[in-house]
Amino acid sequence: MSLRITPLTDPAHGAHSRRLAWLASDADSIPLGTAFLRLFDGGQAHLAELTLQVHPTERRQGVGSRLLDAAVAAARDNARRCVSAQAEAGSPGDLFLPAHGFRKVLTLRFARLPLADVDLAALAGIIGRPHPGYRLESWEGTVPDELAKTFAASRRAMDDMPMEDTDHGTTLWDVDRVRAAAKAVHDRGDQLHTVVAIDTTDGSIAGFTELVVPGNGRGDGQHYGTAVLPEHRGHGLGRWMKAESIRQAHGRLPDLGGLLTDTADSNTHMRHISDSLGYVPTHTTVQYQLDL
């Protein structure tokens, strides 16, 4: 097969990352596959994240390998230490990646909560249970100015989440980055909803949970992260916040079908929270890493 790999210009640069792209095509300029490589900055400047797809009828002809070669070369040129990629367990990608030198570093369990099946009485019981020293607050879109600084500071709650063998690094958050992330969700037409637990002794945010839903309020929403600062753990705040997020989504978005979540296989605590709230397992993905 005559195969051409063409670098593309991707205009979708984020405030804290940029993306490179390649198109594989045949002699007749028919597209065969694509590769995208996201390059992060800050505490993840060592990392490149790969997304690679080949049309099913064009697999096993070297298309994926050529796209991978281009992406890995670019990662090296940009002084990256590793390249990460995900594949659904049992998929062609799950075979392709280890065959090309990637090693398995993380297993993610996905689950879905059908909103039609939500037990509102049980949710009310969880939400209404006293949590002395804490209160819940929520907002749509960008964090209110008066909470922006403490919300940015609370993001370090994600720093020690179980990531198994991934060379994930640490995302460095400040107020500008928090606002940029919310703007990115808004600009693509989705809605960002955040619930936080606030320490009533000083008004600081002790933990947060984020939910992104389609702009039209239909389909499924996606949990982006639930985390509690180490000094506030052990009080049931994660389950409390997530229950309130579910309750609000159920009440505000009558056409929303369900809520999706993904959790590291080793994060037994968060998996237990999801199980207790009625999330049903759907599938598993494997994260691979190529060490350069």
# chains A, B, ... in the order shown; residues from 1 in each chain; ligands from 1
>>> residues_around(residues="stretch 40-49 of chain A", least_positions_apart="2", cutoff="12 Å", atoms="only C-alpha atoms", output="number ranges by chain")
A: 13-21, 35-38, 51-52, 68, 71-86, 159, 166-174, 177, 287-292
>>> closest_atom_pairs(of="stretch 203-250 of chain A", to="stretch 101-117 of chain A", cutoff="10 Å", atoms="only C-alpha atoms", output="tab-separated table")
residue	atom	partner	partner_atom	distance
A:Asp220	CA	A:Arg112	CA	8.8
A:Gly221	CA	A:Arg112	CA	9.5
A:Gln222	CA	A:Arg112	CA	9.2
A:Ile246	CA	A:Leu115	CA	8.2
A:Arg247	CA	A:Leu115	CA	9.4
A:Ala249	CA	A:Leu115	CA	8.5
A:His250	CA	A:Leu115	CA	6.4
>>> residues_around(residues="stretch 193-195 of chain A", least_positions_apart="2", cutoff="6 Å", atoms="only C-alpha atoms", output="PyMOL selection string")
chain A and resi 137-140+208-211
>>> closest_residue(among="A:Arg252, A:Gly62, A:Ala243, A:Thr282", to="A:Gly128", atoms="only C-alpha atoms")
A:Ala243
>>> residues_around(residues="stretch 141-150 of chain A", least_positions_apart="6", cutoff="10 Å", atoms="only C-alpha atoms", output="PDB file with N, CA and C atoms, in the first residue's frame")
ATOM      1  N   ASP A 174      -3.940  27.156  39.448  1.00  0.00           N
ATOM      2  CA  ASP A 174      -4.128  28.467  40.037  1.00  0.00           C
ATOM      3  C   ASP A 174      -5.486  28.985  39.556  1.00  0.00           C
ATOM      4  N   VAL A 175      -5.841  30.196  39.960  1.00  0.00           N
ATOM      5  CA  VAL A 175      -7.166  30.716  39.618  1.00  0.00           C
ATOM      6  C   VAL A 175      -7.344  30.810  38.103  1.00  0.00           C
ATOM      7  N   ASP A 176      -6.316  31.238  37.393  1.00  0.00           N
ATOM      8  CA  ASP A 176      -6.429  31.366  35.934  1.00  0.00           C
ATOM      9  C   ASP A 176      -6.691  30.013  35.280  1.00  0.00           C
ATOM     10  N   VAL A 178      -8.132  27.351  36.670  1.00  0.00           N
ATOM     11  CA  VAL A 178      -9.490  26.933  37.022  1.00  0.00           C
ATOM     12  C   VAL A 178     -10.501  27.598  36.093  1.00  0.00           C
ATOM     13  N   ARG A 179     -10.314  28.888  35.880  1.00  0.00           N
ATOM     14  CA  ARG A 179     -11.247  29.617  35.014  1.00  0.00           C
ATOM     15  C   ARG A 179     -11.108  29.185  33.559  1.00  0.00           C
ATOM     16  N   ALA A 180      -9.887  28.909  33.124  1.00  0.00           N
ATOM     17  CA  ALA A 180      -9.673  28.460  31.749  1.00  0.00           C
ATOM     18  C   ALA A 180     -10.341  27.112  31.503  1.00  0.00           C
ATOM     19  N   ALA A 181     -10.279  26.209  32.491  1.00  0.00           N
ATOM     20  CA  ALA A 181     -10.917  24.896  32.348  1.00  0.00           C
ATOM     21  C   ALA A 181     -12.428  25.042  32.214  1.00  0.00           C
ATOM     22  N   ALA A 182     -13.022  25.915  33.020  1.00  0.00           N
ATOM     23  CA  ALA A 182     -14.472  26.134  32.937  1.00  0.00           C
ATOM     24  C   ALA A 182     -14.845  26.757  31.595  1.00  0.00           C
ATOM     25  N   LYS A 183     -14.015  27.667  31.105  1.00  0.00           N
ATOM     26  CA  LYS A 183     -14.286  28.310  29.817  1.00  0.00           C
ATOM     27  C   LYS A 183     -14.216  27.299  28.688  1.00  0.00           C
ATOM     28  N   VAL A 185     -14.986  24.136  28.787  1.00  0.00           N
ATOM     29  CA  VAL A 185     -16.239  23.371  28.797  1.00  0.00           C
ATOM     30  C   VAL A 185     -17.364  24.191  28.175  1.00  0.00           C
ATOM     31  N   HIS A 186     -17.453  25.457  28.561  1.00  0.00           N
ATOM     32  CA  HIS A 186     -18.499  26.339  28.027  1.00  0.00           C
ATOM     33  C   HIS A 186     -18.354  26.532  26.523  1.00  0.00           C
ATOM     34  N   ASP A 190     -20.925  22.622  26.425  1.00  0.00           N
ATOM     35  CA  ASP A 190     -21.360  21.792  27.544  1.00  0.00           C
ATOM     36  C   ASP A 190     -21.583  22.635  28.797  1.00  0.00           C
ATOM     37  N   GLN A 191     -22.179  22.009  29.810  1.00  0.00           N
ATOM     38  CA  GLN A 191     -22.439  22.671  31.079  1.00  0.00           C
ATOM     39  C   GLN A 191     -21.573  22.041  32.168  1.00  0.00           C
ATOM     40  N   LEU A 192     -20.937  22.869  32.974  1.00  0.00           N
ATOM     41  CA  LEU A 192     -20.130  22.408  34.100  1.00  0.00           C
ATOM     42  C   LEU A 192     -20.857  22.725  35.394  1.00  0.00           C
ATOM     43  N   HIS A 193     -21.051  21.700  36.215  1.00  0.00           N
ATOM     44  CA  HIS A 193     -21.725  21.871  37.504  1.00  0.00           C
ATOM     45  C   HIS A 193     -20.796  21.365  38.601  1.00  0.00           C
ATOM     46  N   THR A 194     -20.587  22.177  39.624  1.00  0.00           N
ATOM     47  CA  THR A 194     -19.648  21.844  40.695  1.00  0.00           C
ATOM     48  C   THR A 194     -20.342  21.899  42.046  1.00  0.00           C
ATOM     49  N   ILE A 198     -17.557  22.871  52.156  1.00  0.00           N
ATOM     50  CA  ILE A 198     -16.833  24.008  52.718  1.00  0.00           C
ATOM     51  C   ILE A 198     -16.634  23.810  54.220  1.00  0.00           C
ATOM     52  N   GLY A 203     -14.187  28.889  56.003  1.00  0.00           N
ATOM     53  CA  GLY A 203     -14.749  29.151  54.681  1.00  0.00           C
ATOM     54  C   GLY A 203     -13.964  28.572  53.524  1.00  0.00           C
ATOM     55  N   SER A 204     -12.985  27.718  53.815  1.00  0.00           N
ATOM     56  CA  SER A 204     -12.178  27.131  52.736  1.00  0.00           C
ATOM     57  C   SER A 204     -12.864  25.890  52.177  1.00  0.00           C
ATOM     58  N   ILE A 205     -12.546  25.560  50.927  1.00  0.00           N
ATOM     59  CA  ILE A 205     -13.118  24.381  50.285  1.00  0.00           C
ATOM     60  C   ILE A 205     -12.315  23.152  50.679  1.00  0.00           C
ATOM     61  N   ALA A 206     -13.019  22.156  51.211  1.00  0.00           N
ATOM     62  CA  ALA A 206     -12.384  20.928  51.680  1.00  0.00           C
ATOM     63  C   ALA A 206     -12.404  19.832  50.627  1.00  0.00           C
ATOM     64  N   VAL A 212     -19.994  17.300  34.125  1.00  0.00           N
ATOM     65  CA  VAL A 212     -20.165  17.973  32.838  1.00  0.00           C
ATOM     66  C   VAL A 212     -21.305  17.286  32.092  1.00  0.00           C
TER      67      VAL A 212
END
>>> residues_around(residues="A:Thr34", least_positions_apart="6", cutoff="8 Å", atoms="only C-alpha atoms", output="ChimeraX atom specification")
/A:21-24,52-54,67
>>> write_last_selection(atoms="C-alpha atoms", output="JSON list (two decimals), in the first residue's frame")
[["chain", "number", "residue", "atom", "x", "y", "z"],
["A", 21, "ALA", "CA", -2.14, 15.86, 14.58],
["A", 22, "TRP", "CA", -1.42, 13.54, 11.63],
["A", 23, "LEU", "CA", -3.55, 12.08, 8.85],
["A", 24, "ALA", "CA", -2.76, 8.78, 7.13],
["A", 52, "LEU", "CA", -4.73, 6.89, 17.48],
["A", 53, "GLN", "CA", -7.46, 5.49, 15.24],
["A", 54, "VAL", "CA", -7.33, 3.42, 12.05],
["A", 67, "LEU", "CA", 1.12, 7.04, 12.66]]
>>> select_by_dssp(residues="stretch 153-228 of chain A", states="alpha helix (DSSP H)", output="number ranges by chain")
A: 153-154, 175-187
>>> select_by_dssp(residues="stretch 28-233 of chain A", states="strand (DSSP E or B)", output="PyMOL selection string")
chain A and resi 31-40+47-54+82-88+103-114+134-140+191-199+204-213+219-228
>>> closest_residue(among="A:Asp275, A:Asp202, A:Glu58, A:Asp119", to="A:Thr261", atoms="only C-alpha atoms")
A:Asp275
>>> residues_around(residues="A:Ser29", least_positions_apart="5", cutoff="12 Å", atoms="only C-alpha atoms", output="short mmCIF file (atom, residue, chain, number, x, y, z; two decimals) with C-alpha atoms, in the first residue's frame")
data_model
loop_
_atom_site.label_atom_id
_atom_site.label_comp_id
_atom_site.auth_asym_id
_atom_site.auth_seq_id
_atom_site.Cartn_x
_atom_site.Cartn_y
_atom_site.Cartn_z
CA SER A 2 1.18 3.52 -0.84
CA LEU A 3 0.82 5.37 2.44
CA ARG A 4 1.25 9.06 3.18
CA ILE A 5 1.44 10.58 6.69
CA THR A 6 0.54 14.27 6.68
CA LEU A 23 -3.55 12.08 8.85
CA ALA A 24 -2.76 8.78 7.13
#
